[in-house]
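J.: Here you go, this is upload15.txt (compact mmCIF, C-alpha atoms).
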# COMPACT_ATOMS: atom_id res chain seq x y z
CA MET A 1216 -16.47 -0.38 -21.11
CA SER A 1217 -15.62 3.18 -20.27
CA GLU A 1218 -18.24 5.86 -20.64
CA GLN A 1219 -15.64 8.56 -21.11
CA HIS A 1220 -15.33 9.89 -24.60
CA GLY A 1221 -12.27 12.06 -24.40
CA THR A 1222 -9.78 9.36 -25.32
CA SER A 1223 -8.52 9.05 -28.87
CA ASP A 1224 -9.50 5.38 -29.20
CA GLN A 1225 -13.19 6.23 -28.91
CA SER A 1226 -13.59 8.91 -31.54
CA GLY A 1227 -14.10 7.84 -35.11
CA ASP A 1228 -12.45 8.03 -38.45
CA GLN A 1229 -14.85 8.57 -41.31
CA PRO A 1230 -14.19 6.70 -44.51
CA GLY A 1231 -11.50 8.68 -46.30
CA GLY A 1232 -9.53 9.37 -43.11
CA THR A 1233 -11.34 12.40 -41.67
CA ARG A 1234 -10.95 12.35 -37.88
CA LEU A 1235 -14.12 13.06 -35.89
CA GLU A 1236 -14.18 14.49 -32.40
CA PRO A 1237 -16.31 12.55 -29.90
CA GLU A 1238 -19.08 15.17 -29.89
CA GLN A 1239 -19.28 14.93 -33.69
CA VAL A 1240 -19.84 11.18 -33.37
CA PHE A 1241 -22.74 11.80 -30.96
CA ASP A 1242 -24.11 14.42 -33.37
CA LEU A 1243 -24.15 11.76 -36.11
CA ALA A 1244 -26.41 9.66 -33.88
CA ARG A 1245 -28.68 12.66 -33.20
CA GLN A 1246 -28.86 13.36 -36.95
CA GLY A 1247 -29.53 9.74 -37.94
CA ALA A 1248 -26.45 9.58 -40.17
CA ASP A 1249 -26.00 6.10 -41.61
CA VAL A 1250 -22.22 6.67 -41.79
CA LEU A 1251 -22.27 5.98 -38.05
CA LEU A 1252 -22.93 2.31 -38.84
CA ASP A 1253 -19.84 2.28 -41.07
CA LEU A 1254 -17.83 3.72 -38.17
CA VAL A 1255 -19.13 1.01 -35.83
CA ASP A 1256 -18.30 -1.62 -38.44
CA ALA A 1257 -14.79 -0.13 -38.60
CA GLY A 1258 -14.30 -0.44 -34.84
CA LEU A 1259 -16.08 2.45 -33.12
CA PRO A 1260 -17.52 0.99 -29.89
CA VAL A 1261 -21.25 0.42 -30.41
CA GLU A 1262 -21.80 1.18 -26.69
CA LEU A 1263 -19.98 4.53 -26.85
CA ALA A 1264 -21.68 6.94 -24.44
CA ASP A 1265 -21.45 10.65 -23.76
CA ASP A 1266 -20.74 12.18 -20.35
CA ALA A 1267 -24.45 11.85 -19.44
CA GLY A 1268 -24.40 8.13 -20.23
CA ASN A 1269 -26.40 8.47 -23.47
CA THR A 1270 -25.31 5.79 -25.92
CA LEU A 1271 -25.37 6.14 -29.68
CA LEU A 1272 -28.55 4.04 -29.69
CA MET A 1273 -30.19 6.23 -27.02
CA LEU A 1274 -29.46 9.37 -29.04
CA ALA A 1275 -30.64 7.87 -32.32
CA ALA A 1276 -33.82 6.53 -30.71
CA TYR A 1277 -34.66 9.76 -28.88
CA HIS A 1278 -34.25 11.76 -32.09
CA GLY A 1279 -36.55 9.46 -34.06
CA HIS A 1280 -34.10 7.58 -36.29
CA ALA A 1281 -35.61 4.09 -36.53
CA SER A 1282 -33.26 2.80 -39.23
CA LEU A 1283 -30.13 3.87 -37.34
CA THR A 1284 -31.57 2.54 -34.09
CA ALA A 1285 -32.17 -0.83 -35.76
CA GLY A 1286 -28.68 -0.87 -37.28
CA LEU A 1287 -27.05 -0.17 -33.92
CA ALA A 1288 -29.16 -2.85 -32.20
CA GLU A 1289 -28.22 -5.34 -34.91
CA ARG A 1290 -24.57 -4.54 -34.21
CA GLY A 1291 -24.96 -5.34 -30.52
CA ALA A 1292 -26.03 -2.07 -28.92
CA ASP A 1293 -27.90 -2.73 -25.68
CA VAL A 1294 -31.51 -1.59 -26.18
CA ASN A 1295 -32.01 -1.59 -22.40
CA ARG A 1296 -28.93 0.36 -21.32
CA LEU A 1297 -29.93 3.20 -19.02
CA ASN A 1298 -28.31 6.61 -19.16
CA GLY A 1299 -27.02 8.53 -16.16
CA ASN A 1300 -30.56 9.68 -15.34
CA ASN A 1301 -31.85 6.08 -15.23
CA GLN A 1302 -33.71 6.60 -18.53
CA ALA A 1303 -34.15 3.84 -21.10
CA PRO A 1304 -34.21 4.30 -24.89
CA LEU A 1305 -37.73 2.88 -25.12
CA ALA A 1306 -39.09 5.35 -22.58
CA GLY A 1307 -37.53 8.23 -24.52
CA ALA A 1308 -39.08 7.00 -27.77
CA VAL A 1309 -42.48 6.67 -26.09
CA PHE A 1310 -42.14 10.18 -24.62
CA LYS A 1311 -41.36 11.56 -28.09
CA ASN A 1312 -44.12 9.38 -29.65
CA GLU A 1313 -41.69 7.88 -32.18
CA ALA A 1314 -43.79 4.90 -33.33
CA ASP A 1315 -41.20 3.42 -35.72
CA VAL A 1316 -38.45 3.63 -33.11
CA ILE A 1317 -40.72 2.09 -30.48
CA ARG A 1318 -41.44 -0.81 -32.82
CA VAL A 1319 -37.71 -1.32 -33.57
CA LEU A 1320 -36.79 -1.28 -29.89
CA VAL A 1321 -39.56 -3.70 -28.92
CA GLU A 1322 -38.56 -6.02 -31.77
CA HIS A 1323 -35.00 -6.01 -30.43
CA GLY A 1324 -36.09 -6.93 -26.91
CA ALA A 1325 -36.46 -3.59 -25.15
CA ASP A 1326 -37.87 -3.99 -21.64
CA PRO A 1327 -40.95 -1.77 -21.18
CA ASP A 1328 -40.33 -1.73 -17.43
CA ALA A 1329 -36.68 -0.58 -17.53
CA GLY A 1330 -35.71 2.82 -16.21
CA THR A 1331 -37.48 5.59 -14.37
CA PRO A 1332 -40.01 6.40 -15.54
CA SER A 1333 -40.38 3.22 -17.52
CA ALA A 1334 -41.75 3.10 -21.06
CA ARG A 1335 -44.88 1.46 -19.68
CA ALA A 1336 -45.40 4.29 -17.16
CA THR A 1337 -44.68 6.90 -19.83
CA ALA A 1338 -47.19 5.30 -22.21
CA GLN A 1339 -49.82 5.27 -19.48
CA MET A 1340 -49.08 8.90 -18.65
CA PHE A 1341 -49.81 9.89 -22.26
CA GLY A 1342 -52.63 7.40 -22.86
CA ARG A 1343 -50.60 5.40 -25.39
CA GLU A 1344 -50.31 1.68 -26.03
CA LEU A 1345 -47.01 -0.16 -26.31
CA PRO A 1346 -46.79 -2.68 -29.15
CA GLU A 1347 -46.31 -6.32 -28.29
CA PRO A 1348 -43.14 -8.00 -29.57
CA GLY A 1349 -43.78 -9.30 -33.10
CA ALA A 1350 -46.75 -6.93 -33.66
CA ARG A 1351 -46.72 -4.75 -36.76
Show me this structure written as structure tokens.
T.:
Amino acid sequence: MSEQHGTSDQSGDQPGGTRLEPEQVFDLARQGADVLLDLVDAGLPVELADDAGNTLLMLAAYHGHASLTAGLAERGADVNRLNGNNQAPLAGAVFKNEADVIRVLVEHGADPDAGTPSARATAQMFGRELPEPGAR
């Protein structure tokens, strides 16, 4: 899958026919907009990534949107996909101390040792514990 976002087949149409530019789609992920899930259901690639390699899931997770992160993971987004800086969504959520997002990512199989620094290393750096899969 291409990581470029400048092609017309990778931007989204909102319900009602409004055309979104690629950057607007990434902004929806940053804002936690649930309409993004409708766009994915309508054919927007769930692994769409910006020029820095940040996927929709990475952006939603980093900005603290647990529900959107879960919805993207349930639609097949890779919870372990690294961005262009070798950063994993879980490490970003740990860095931002987003407990609900951390829980969602762990529940969906996020690897605490993926990326640099890993989520495990980031948690240790800040004196935090990572939840075990299945823990509430």
J.: Which polymer residues have any atom within 8 Å of an atom of Ala1276 (chain A), counting all atoms listed in the file, with same-chain residues fewer than 4 positions away left out, as a list of chain:residue names?
T.: A:Leu1272, A:His1280, A:Ala1281, A:Thr1284, A:Pro1304, A:Leu1305, A:Gly1307, A:Ala1308, A:Val1316
J.: Interatomic distance between CA of Leu1254 (chain A) and CA of Leu1235 (chain A)?
T.: 10.3 Å
J.: From (-18.3, 12.4, -28.2), in the file's coordinates, out to 6 Å: which residues are reached, counting all atoms listed in the file? Answer as a VMD selection string.
T.: chain A and resid 1220 1237 to 1238 1240 to 1241 1265
J.: List the residues sitting within 12 Å of (-27.3, -4.4, -30.5) in the file's frame, using only C-alpha atoms, as number ranges by chain.
T.: A: 1252, 1255, 1260-1262, 1270-1273, 1283-1296, 1319-1320, 1322-1325
J.: Work out how far apart CA of Ala1264 (chain A) and CA of Ala1336 (chain A) are and give it in Å to one decimal.
T.: 25.0 Å
J.: How many Å lie between CA of Asn1312 (chain A) and CA of Asp1242 (chain A), rounded to one decimal?
T.: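 Going from CA of Asn1312 (chain A) over to CA of Asp1242 (chain A) covers 21.0 Å.
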J.: Name the closest residue to Arg1245 (chain A) among the candidates A:Glu1344, A:Ile1317, A:His1278, A:Asp1328; distances are taken between atoms, counting only C-alpha atoms.
T.: A:His1278
J.: Counting only C-alpha atoms, figure out which residue out of A:Val1250, A:Ala1334, A:Val1321, A:Ala1314 gets nearest to Asn1301 (chain A).
T.: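 That would be A:Ala1334, the residue with the smallest distance to Asn1301 (chain A).
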J.: Using only C-alpha atoms, which protein or nucleic acid residues come within 9 Å of Thr1337 (chain A)? Drop anything in the same chain fewer than 6 positions from it, and give the result as an MDAnalysis selection string.
T.: chainID A and resid 1306:1307 1309:1310 1343
J.: Taking into account all atoms listed in the file, which residue in the set A:Ala1338, A:Leu1251, A:Leu1263, A:Ala1329 is nearest to Lys1311 (chain A)?
T.: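 Among A:Ala1338, A:Leu1251, A:Leu1263, A:Ala1329, it is A:Ala1338 that comes nearest to Lys1311 (chain A).
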J.: Taking N, CA and C atoms as the atom set, what does region 1283-1303 of chain A look like once completed, written as a PDB file, in the coordinates of the input?
T.:
ATOM      1  N   LEU A1283     -31.402   3.848 -38.055  1.00  0.00           N
ATOM      2  CA  LEU A1283     -30.130   3.870 -37.340  1.00  0.00           C
ATOM      3  C   LEU A1283     -30.241   3.103 -36.029  1.00  0.00           C
ATOM      4  N   THR A1284     -31.346   3.273 -35.328  1.00  0.00           N
ATOM      5  CA  THR A1284     -31.570   2.540 -34.090  1.00  0.00           C
ATOM      6  C   THR A1284     -31.514   1.037 -34.352  1.00  0.00           C
ATOM      7  N   ALA A1285     -32.178   0.592 -35.400  1.00  0.00           N
ATOM      8  CA  ALA A1285     -32.170  -0.830 -35.760  1.00  0.00           C
ATOM      9  C   ALA A1285     -30.761  -1.288 -36.102  1.00  0.00           C
ATOM     10  N   GLY A1286     -30.040  -0.500 -36.893  1.00  0.00           N
ATOM     11  CA  GLY A1286     -28.680  -0.870 -37.280  1.00  0.00           C
ATOM     12  C   GLY A1286     -27.749  -0.993 -36.085  1.00  0.00           C
ATOM     13  N   LEU A1287     -27.875  -0.097 -35.129  1.00  0.00           N
ATOM     14  CA  LEU A1287     -27.050  -0.170 -33.920  1.00  0.00           C
ATOM     15  C   LEU A1287     -27.420  -1.396 -33.087  1.00  0.00           C
ATOM     16  N   ALA A1288     -28.724  -1.662 -32.954  1.00  0.00           N
ATOM     17  CA  ALA A1288     -29.160  -2.850 -32.200  1.00  0.00           C
ATOM     18  C   ALA A1288     -28.658  -4.120 -32.862  1.00  0.00           C
ATOM     19  N   GLU A1289     -28.704  -4.157 -34.177  1.00  0.00           N
ATOM     20  CA  GLU A1289     -28.220  -5.340 -34.910  1.00  0.00           C
ATOM     21  C   GLU A1289     -26.721  -5.534 -34.753  1.00  0.00           C
ATOM     22  N   ARG A1290     -26.020  -4.465 -34.419  1.00  0.00           N
ATOM     23  CA  ARG A1290     -24.570  -4.540 -34.210  1.00  0.00           C
ATOM     24  C   ARG A1290     -24.223  -4.731 -32.746  1.00  0.00           C
ATOM     25  N   GLY A1291     -25.219  -5.001 -31.917  1.00  0.00           N
ATOM     26  CA  GLY A1291     -24.960  -5.340 -30.520  1.00  0.00           C
ATOM     27  C   GLY A1291     -25.215  -4.264 -29.494  1.00  0.00           C
ATOM     28  N   ALA A1292     -25.728  -3.108 -29.904  1.00  0.00           N
ATOM     29  CA  ALA A1292     -26.030  -2.070 -28.920  1.00  0.00           C
ATOM     30  C   ALA A1292     -27.124  -2.575 -27.975  1.00  0.00           C
ATOM     31  N   ASP A1293     -26.957  -2.290 -26.711  1.00  0.00           N
ATOM     32  CA  ASP A1293     -27.900  -2.730 -25.680  1.00  0.00           C
ATOM     33  C   ASP A1293     -29.133  -1.828 -25.689  1.00  0.00           C
ATOM     34  N   VAL A1294     -30.273  -2.378 -26.092  1.00  0.00           N
ATOM     35  CA  VAL A1294     -31.510  -1.590 -26.180  1.00  0.00           C
ATOM     36  C   VAL A1294     -32.080  -1.249 -24.803  1.00  0.00           C
ATOM     37  N   ASN A1295     -31.524  -1.846 -23.757  1.00  0.00           N
ATOM     38  CA  ASN A1295     -32.010  -1.590 -22.400  1.00  0.00           C
ATOM     39  C   ASN A1295     -31.020  -0.815 -21.536  1.00  0.00           C
ATOM     40  N   ARG A1296     -29.932  -0.355 -22.115  1.00  0.00           N
ATOM     41  CA  ARG A1296     -28.930   0.360 -21.320  1.00  0.00           C
ATOM     42  C   ARG A1296     -29.488   1.716 -20.884  1.00  0.00           C
ATOM     43  N   LEU A1297     -29.419   1.947 -19.595  1.00  0.00           N
ATOM     44  CA  LEU A1297     -29.930   3.200 -19.020  1.00  0.00           C
ATOM     45  C   LEU A1297     -28.846   4.265 -19.052  1.00  0.00           C
ATOM     46  N   ASN A1298     -29.267   5.506 -19.216  1.00  0.00           N
ATOM     47  CA  ASN A1298     -28.310   6.610 -19.160  1.00  0.00           C
ATOM     48  C   ASN A1298     -28.083   7.015 -17.704  1.00  0.00           C
ATOM     49  N   GLY A1299     -27.337   8.071 -17.497  1.00  0.00           N
ATOM     50  CA  GLY A1299     -27.020   8.530 -16.160  1.00  0.00           C
ATOM     51  C   GLY A1299     -28.218   9.020 -15.355  1.00  0.00           C
ATOM     52  N   ASN A1300     -29.333   9.263 -16.014  1.00  0.00           N
ATOM     53  CA  ASN A1300     -30.560   9.680 -15.340  1.00  0.00           C
ATOM     54  C   ASN A1300     -31.536   8.520 -15.162  1.00  0.00           C
ATOM     55  N   ASN A1301     -31.042   7.294 -15.366  1.00  0.00           N
ATOM     56  CA  ASN A1301     -31.850   6.080 -15.230  1.00  0.00           C
ATOM     57  C   ASN A1301     -32.973   6.016 -16.268  1.00  0.00           C
ATOM     58  N   GLN A1302     -32.731   6.598 -17.443  1.00  0.00           N
ATOM     59  CA  GLN A1302     -33.710   6.600 -18.530  1.00  0.00           C
ATOM     60  C   GLN A1302     -33.337   5.554 -19.563  1.00  0.00           C
ATOM     61  N   ALA A1303     -34.345   4.867 -20.096  1.00  0.00           N
ATOM     62  CA  ALA A1303     -34.150   3.840 -21.100  1.00  0.00           C
ATOM     63  C   ALA A1303     -34.512   4.380 -22.486  1.00  0.00           C
TER      64      ALA A1303
END
